[in-house]
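Shown below: structure.cif, with mmCIF, C-alpha atoms.
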data_upload
#
loop_
_atom_site.group_PDB
_atom_site.id
_atom_site.type_symbol
_atom_site.label_atom_id
_atom_site.label_comp_id
_atom_site.auth_asym_id
_atom_site.auth_seq_id
_atom_site.Cartn_x
_atom_site.Cartn_y
_atom_site.Cartn_z
ATOM 1 C CA MET A 1042 84.870 200.045 -9.370
ATOM 2 C CA GLU A 1043 87.030 197.483 -7.647
ATOM 3 C CA ILE A 1044 89.545 198.759 -5.109
ATOM 4 C CA LYS A 1045 92.185 196.666 -3.368
ATOM 5 C CA ILE A 1046 94.371 197.701 -0.470
ATOM 6 C CA LEU A 1047 97.581 195.673 -0.537
ATOM 7 C CA GLY A 1048 99.474 195.257 2.718
ATOM 8 C CA PRO A 1049 100.167 192.776 5.501
ATOM 9 C CA GLY A 1050 98.357 194.798 8.168
ATOM 10 C CA CYS A 1051 100.980 197.329 9.211
ATOM 11 C CA PRO A 1052 99.895 200.732 10.604
ATOM 12 C CA LYS A 1053 100.371 202.437 7.201
ATOM 13 C CA CYS A 1054 98.272 199.745 5.519
ATOM 14 C CA LYS A 1055 95.485 200.298 8.044
ATOM 15 C CA THR A 1056 95.699 204.071 7.523
ATOM 16 C CA LEU A 1057 95.352 203.658 3.747
ATOM 17 C CA ASP A 1058 92.431 201.248 4.200
ATOM 18 C CA LYS A 1059 90.607 203.651 6.533
ATOM 19 C CA ALA A 1060 91.241 206.718 4.348
ATOM 20 C CA THR A 1061 90.120 204.922 1.177
ATOM 21 C CA ARG A 1062 86.896 203.747 2.824
ATOM 22 C CA GLU A 1063 86.213 207.316 4.033
ATOM 23 C CA VAL A 1064 86.732 208.773 0.544
ATOM 24 C CA VAL A 1065 84.413 206.175 -1.017
ATOM 25 C CA GLU A 1066 81.706 206.715 1.618
ATOM 26 C CA GLN A 1067 81.859 210.520 1.715
ATOM 27 C CA ASN A 1068 81.817 210.891 -2.060
ATOM 28 C CA GLY A 1069 79.177 208.277 -2.836
ATOM 29 C CA ILE A 1070 81.565 206.253 -4.995
ATOM 30 C CA ASP A 1071 80.182 202.884 -6.087
ATOM 31 C CA ALA A 1072 83.090 200.607 -5.214
ATOM 32 C CA THR A 1073 83.990 197.282 -3.665
ATOM 33 C CA ILE A 1074 86.974 197.482 -1.310
ATOM 34 C CA THR A 1075 89.055 194.405 -0.577
ATOM 35 C CA LYS A 1076 92.029 194.120 1.790
ATOM 36 C CA VAL A 1077 94.759 191.822 0.432
ATOM 37 C CA GLU A 1078 97.209 190.649 3.112
ATOM 38 C CA ASP A 1079 98.711 187.555 1.430
ATOM 39 C CA ILE A 1080 102.317 188.375 0.446
ATOM 40 C CA MET A 1081 102.222 186.061 -2.596
ATOM 41 C CA GLU A 1082 99.052 187.767 -3.834
ATOM 42 C CA ILE A 1083 100.609 191.214 -3.272
ATOM 43 C CA MET A 1084 103.711 190.212 -5.239
ATOM 44 C CA LYS A 1085 101.538 189.285 -8.244
ATOM 45 C CA TYR A 1086 100.959 193.036 -8.643
ATOM 46 C CA GLY A 1087 104.713 193.696 -8.719
ATOM 47 C CA VAL A 1088 104.500 195.531 -5.404
ATOM 48 C CA MET A 1089 107.556 195.287 -3.157
ATOM 49 C CA LEU A 1090 106.718 198.200 -0.846
ATOM 50 C CA THR A 1091 103.393 198.374 0.930
ATOM 51 C CA PRO A 1092 100.881 199.798 1.322
ATOM 52 C CA ALA A 1093 99.589 199.873 -2.216
ATOM 53 C CA LEU A 1094 96.303 200.990 -3.743
ATOM 54 C CA VAL A 1095 94.912 199.069 -6.715
ATOM 55 C CA VAL A 1096 91.968 200.437 -8.716
ATOM 56 C CA ASP A 1097 90.362 198.124 -11.278
ATOM 57 C CA GLU A 1098 93.468 195.884 -11.255
ATOM 58 C CA LYS A 1099 95.865 198.818 -11.868
ATOM 59 C CA VAL A 1100 98.385 199.794 -9.165
ATOM 60 C CA VAL A 1101 97.952 203.552 -8.692
ATOM 61 C CA VAL A 1102 99.962 204.100 -5.472
ATOM 62 C CA LYS A 1103 102.613 201.976 -3.796
ATOM 63 C CA GLY A 1104 105.013 202.319 -0.905
ATOM 64 C CA ARG A 1105 103.276 205.259 0.775
ATOM 65 C CA VAL A 1106 100.005 206.555 2.156
ATOM 66 C CA PRO A 1107 98.526 209.179 -0.183
ATOM 67 C CA SER A 1108 96.618 212.162 1.182
ATOM 68 C CA TYR A 1109 92.815 212.174 1.381
ATOM 69 C CA ASP A 1110 92.672 214.580 -1.578
ATOM 70 C CA GLU A 1111 94.992 212.410 -3.669
ATOM 71 C CA ILE A 1112 92.869 209.320 -3.000
ATOM 72 C CA LYS A 1113 89.743 211.285 -3.927
ATOM 73 C CA GLN A 1114 91.368 212.458 -7.158
ATOM 74 C CA LEU A 1115 92.446 208.908 -8.061
ATOM 75 C CA LEU A 1116 88.974 207.491 -7.441
ATOM 76 C CA THR A 1117 86.916 210.227 -9.130
ATOM 77 C CA LYS A 1118 88.854 210.787 -12.354
#
Taking this structure as input, can you express it in the form of structure tokens?
Amino acid sequence: MEIKILGPGCPKCKTLDKATREVVEQNGIDATITKVEDIMEIMKYGVMLTPALVVDEKVVVKGRVPSYDEIKQLLTK
């Protein structure tokens, strides 16, 4: 699984990055997590509000920080 956290480094982006890494680690999910901070790269996903969570090249959350349980649900379905 390939996971990307899209965001320029704002507090919400860092929160999403940290929470996603915790979910992956605590649930033994085999995933590669990449932080994308380049605005032009973020815009390629059609994301105008950050942070955003991309799983296997599909934007699953944008413009907010999902809860731990929501992230877990998105990554384990």
Matched chain/residue IDs from the PyMOL selection byres ((chain A and resi 1056) around 12), as a count of residues only:
25
Enclosing box along x, y and z for every listed atom of stretch 1074-1084 of chain A, padded 8 Å each side, centre and size in Å, one decimal, as AutoDock Vina command-line options:
--center_x 95.3 --center_y 191.8 --center_z -1.1 --size_x 32.7 --size_y 27.4 --size_z 24.4
For A:Lys1076, which residue out of A:Met1089, A:Asp1097, A:Glu1111, A:Ile1044 is the nearest one, using all atoms listed in the file?
A:Ile1044
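Closest to A:Lys1085 among A:Met1042, A:Leu1115, A:Val1065, A:Val1100 is A:Val1100, based on all atoms listed in the file.
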Name the residues that the PyMOL selection byres ((chain A and resi 1068) around 12) picks from the file above, as a short mmCIF file (atom, residue, chain, number, x, y, z; two decimals) with C-alpha atoms, in the coordinates of the input, using the file's chain letters and numbers.
data_model
loop_
_atom_site.label_atom_id
_atom_site.label_comp_id
_atom_site.auth_asym_id
_atom_site.auth_seq_id
_atom_site.Cartn_x
_atom_site.Cartn_y
_atom_site.Cartn_z
CA THR A 1061 90.12 204.92 1.18
CA ARG A 1062 86.90 203.75 2.82
CA GLU A 1063 86.21 207.32 4.03
CA VAL A 1064 86.73 208.77 0.54
CA VAL A 1065 84.41 206.18 -1.02
CA GLU A 1066 81.71 206.72 1.62
CA GLN A 1067 81.86 210.52 1.72
CA GLY A 1069 79.18 208.28 -2.84
CA ILE A 1070 81.56 206.25 -5.00
CA ASP A 1071 80.18 202.88 -6.09
CA ALA A 1072 83.09 200.61 -5.21
CA TYR A 1109 92.82 212.17 1.38
CA ASP A 1110 92.67 214.58 -1.58
CA ILE A 1112 92.87 209.32 -3.00
CA LYS A 1113 89.74 211.28 -3.93
CA GLN A 1114 91.37 212.46 -7.16
CA LEU A 1116 88.97 207.49 -7.44
CA THR A 1117 86.92 210.23 -9.13
#
Which neighbours of A:Tyr1086 fall inside 9 Å, counting only C-alpha atoms, when residues of the same chain fewer than 6 positions from it are skipped, and could you give them as a list of chain:residue names?
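Non-adjacent residues within range: A:Val1095, A:Glu1098, A:Lys1099, A:Val1100.
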Could you please determine the separation between atom CA of A:Lys1118 and atom CA of A:Gly1104 in Å, to one decimal place?
21.5 Å
Could you tell me how far atom CA of A:Ile1080 lies from atom CA of A:Val1096, in Å and to one decimal?
18.3 Å
Dump N, CA and C atoms of stretch 1067-1104 of chain A from the given block, as an mmCIF file, in the first residue's frame.
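New file selection-v6.cif:
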data_model
loop_
_atom_site.group_PDB
_atom_site.id
_atom_site.type_symbol
_atom_site.label_atom_id
_atom_site.label_comp_id
_atom_site.auth_asym_id
_atom_site.auth_seq_id
_atom_site.Cartn_x
_atom_site.Cartn_y
_atom_site.Cartn_z
ATOM 1 N N GLN A 1067 0.660 0.553 14.528
ATOM 2 C CA GLN A 1067 -0.089 -0.190 15.544
ATOM 3 C C GLN A 1067 -0.930 -1.325 14.971
ATOM 4 N N ASN A 1068 -1.226 -1.254 13.682
ATOM 5 C CA ASN A 1068 -2.066 -2.282 13.073
ATOM 6 C C ASN A 1068 -1.297 -3.188 12.119
ATOM 7 N N GLY A 1069 0.023 -3.037 12.090
ATOM 8 C CA GLY A 1069 0.853 -3.899 11.267
ATOM 9 C C GLY A 1069 0.532 -3.818 9.786
ATOM 10 N N ILE A 1070 0.161 -2.627 9.320
ATOM 11 C CA ILE A 1070 -0.188 -2.441 7.913
ATOM 12 C C ILE A 1070 1.095 -2.289 7.098
ATOM 13 N N ASP A 1071 1.196 -3.047 6.017
ATOM 14 C CA ASP A 1071 2.358 -2.973 5.139
ATOM 15 C C ASP A 1071 2.154 -1.787 4.195
ATOM 16 N N ALA A 1072 2.802 -0.679 4.501
ATOM 17 C CA ALA A 1072 2.592 0.534 3.708
ATOM 18 C C ALA A 1072 3.853 1.390 3.663
ATOM 19 N N THR A 1073 3.962 2.151 2.590
ATOM 20 C CA THR A 1073 5.008 3.148 2.444
ATOM 21 C C THR A 1073 4.330 4.499 2.575
ATOM 22 N N ILE A 1074 4.838 5.333 3.495
ATOM 23 C CA ILE A 1074 4.233 6.650 3.718
ATOM 24 C C ILE A 1074 5.185 7.731 3.216
ATOM 25 N N THR A 1075 4.637 8.600 2.372
ATOM 26 C CA THR A 1075 5.417 9.697 1.809
ATOM 27 C C THR A 1075 4.727 11.005 2.135
ATOM 28 N N LYS A 1076 5.512 12.017 2.503
ATOM 29 C CA LYS A 1076 4.978 13.359 2.771
ATOM 30 C C LYS A 1076 5.224 14.197 1.527
ATOM 31 N N VAL A 1077 4.174 14.757 0.946
ATOM 32 C CA VAL A 1077 4.292 15.589 -0.251
ATOM 33 C C VAL A 1077 4.019 17.035 0.151
ATOM 34 N N GLU A 1078 5.037 17.899 0.032
ATOM 35 C CA GLU A 1078 4.896 19.292 0.443
ATOM 36 C C GLU A 1078 4.898 20.266 -0.729
ATOM 37 N N ASP A 1079 5.251 19.805 -1.931
ATOM 38 C CA ASP A 1079 5.305 20.649 -3.113
ATOM 39 C C ASP A 1079 3.881 20.984 -3.584
ATOM 40 N N ILE A 1080 3.554 22.281 -3.600
ATOM 41 C CA ILE A 1080 2.203 22.726 -3.952
ATOM 42 C C ILE A 1080 1.806 22.254 -5.351
ATOM 43 N N MET A 1081 2.715 22.293 -6.306
ATOM 44 C CA MET A 1081 2.390 21.863 -7.672
ATOM 45 C C MET A 1081 2.054 20.371 -7.705
ATOM 46 N N GLU A 1082 2.770 19.594 -6.916
ATOM 47 C CA GLU A 1082 2.519 18.152 -6.837
ATOM 48 C C GLU A 1082 1.156 17.894 -6.174
ATOM 49 N N ILE A 1083 0.846 18.658 -5.125
ATOM 50 C CA ILE A 1083 -0.426 18.524 -4.427
ATOM 51 C C ILE A 1083 -1.587 18.854 -5.373
ATOM 52 N N MET A 1084 -1.419 19.887 -6.182
ATOM 53 C CA MET A 1084 -2.476 20.305 -7.096
ATOM 54 C C MET A 1084 -2.755 19.261 -8.178
ATOM 55 N N LYS A 1085 -1.785 18.421 -8.488
ATOM 56 C CA LYS A 1085 -1.990 17.354 -9.476
ATOM 57 C C LYS A 1085 -3.073 16.372 -9.018
ATOM 58 N N TYR A 1086 -3.309 16.316 -7.714
ATOM 59 C CA TYR A 1086 -4.343 15.441 -7.157
ATOM 60 C C TYR A 1086 -5.700 16.147 -7.091
ATOM 61 N N GLY A 1087 -5.754 17.405 -7.526
ATOM 62 C CA GLY A 1087 -7.002 18.154 -7.475
ATOM 63 C C GLY A 1087 -7.356 18.619 -6.069
ATOM 64 N N VAL A 1088 -6.352 18.682 -5.214
ATOM 65 C CA VAL A 1088 -6.562 19.073 -3.820
ATOM 66 C C VAL A 1088 -6.285 20.567 -3.656
ATOM 67 N N MET A 1089 -7.287 21.285 -3.178
ATOM 68 C CA MET A 1089 -7.133 22.726 -2.932
ATOM 69 C C MET A 1089 -7.056 23.024 -1.440
ATOM 70 N N LEU A 1090 -7.575 22.121 -0.617
ATOM 71 C CA LEU A 1090 -7.516 22.276 0.833
ATOM 72 C C LEU A 1090 -6.692 21.141 1.424
ATOM 73 N N THR A 1091 -5.697 21.512 2.196
ATOM 74 C CA THR A 1091 -4.873 20.496 2.854
ATOM 75 C C THR A 1091 -5.239 20.456 4.326
ATOM 76 N N PRO A 1092 -4.918 19.402 5.029
ATOM 77 C CA PRO A 1092 -4.180 18.235 4.556
ATOM 78 C C PRO A 1092 -5.061 17.290 3.756
ATOM 79 N N ALA A 1093 -4.395 16.392 3.038
ATOM 80 C CA ALA A 1093 -5.123 15.374 2.294
ATOM 81 C C ALA A 1093 -4.406 14.037 2.465
ATOM 82 N N LEU A 1094 -5.189 12.973 2.415
ATOM 83 C CA LEU A 1094 -4.667 11.619 2.551
ATOM 84 C C LEU A 1094 -4.931 10.886 1.246
ATOM 85 N N VAL A 1095 -3.858 10.356 0.645
ATOM 86 C CA VAL A 1095 -3.956 9.634 -0.614
ATOM 87 C C VAL A 1095 -3.539 8.191 -0.366
ATOM 88 N N VAL A 1096 -4.392 7.244 -0.749
ATOM 89 C CA VAL A 1096 -4.087 5.823 -0.596
ATOM 90 C C VAL A 1096 -4.091 5.191 -1.985
ATOM 91 N N ASP A 1097 -2.943 4.627 -2.362
ATOM 92 C CA ASP A 1097 -2.799 4.009 -3.686
ATOM 93 C C ASP A 1097 -3.296 4.945 -4.794
ATOM 94 N N GLU A 1098 -2.820 6.190 -4.747
ATOM 95 C CA GLU A 1098 -3.099 7.225 -5.743
ATOM 96 C C GLU A 1098 -4.555 7.693 -5.780
ATOM 97 N N LYS A 1099 -5.347 7.371 -4.754
ATOM 98 C CA LYS A 1099 -6.738 7.832 -4.681
ATOM 99 C C LYS A 1099 -6.882 8.738 -3.452
ATOM 100 N N VAL A 1100 -7.385 9.951 -3.666
ATOM 101 C CA VAL A 1100 -7.599 10.887 -2.551
ATOM 102 C C VAL A 1100 -8.793 10.394 -1.741
ATOM 103 N N VAL A 1101 -8.561 10.054 -0.474
ATOM 104 C CA VAL A 1101 -9.636 9.534 0.374
ATOM 105 C C VAL A 1101 -10.129 10.549 1.407
ATOM 106 N N VAL A 1102 -9.278 11.521 1.754
ATOM 107 C CA VAL A 1102 -9.674 12.594 2.688
ATOM 108 C C VAL A 1102 -8.960 13.856 2.255
ATOM 109 N N LYS A 1103 -9.697 14.988 2.259
ATOM 110 C CA LYS A 1103 -9.020 16.258 1.986
ATOM 111 C C LYS A 1103 -9.656 17.384 2.770
ATOM 112 N N GLY A 1104 -8.812 18.337 3.168
ATOM 113 C CA GLY A 1104 -9.301 19.524 3.853
ATOM 114 C C GLY A 1104 -9.571 19.376 5.331
#
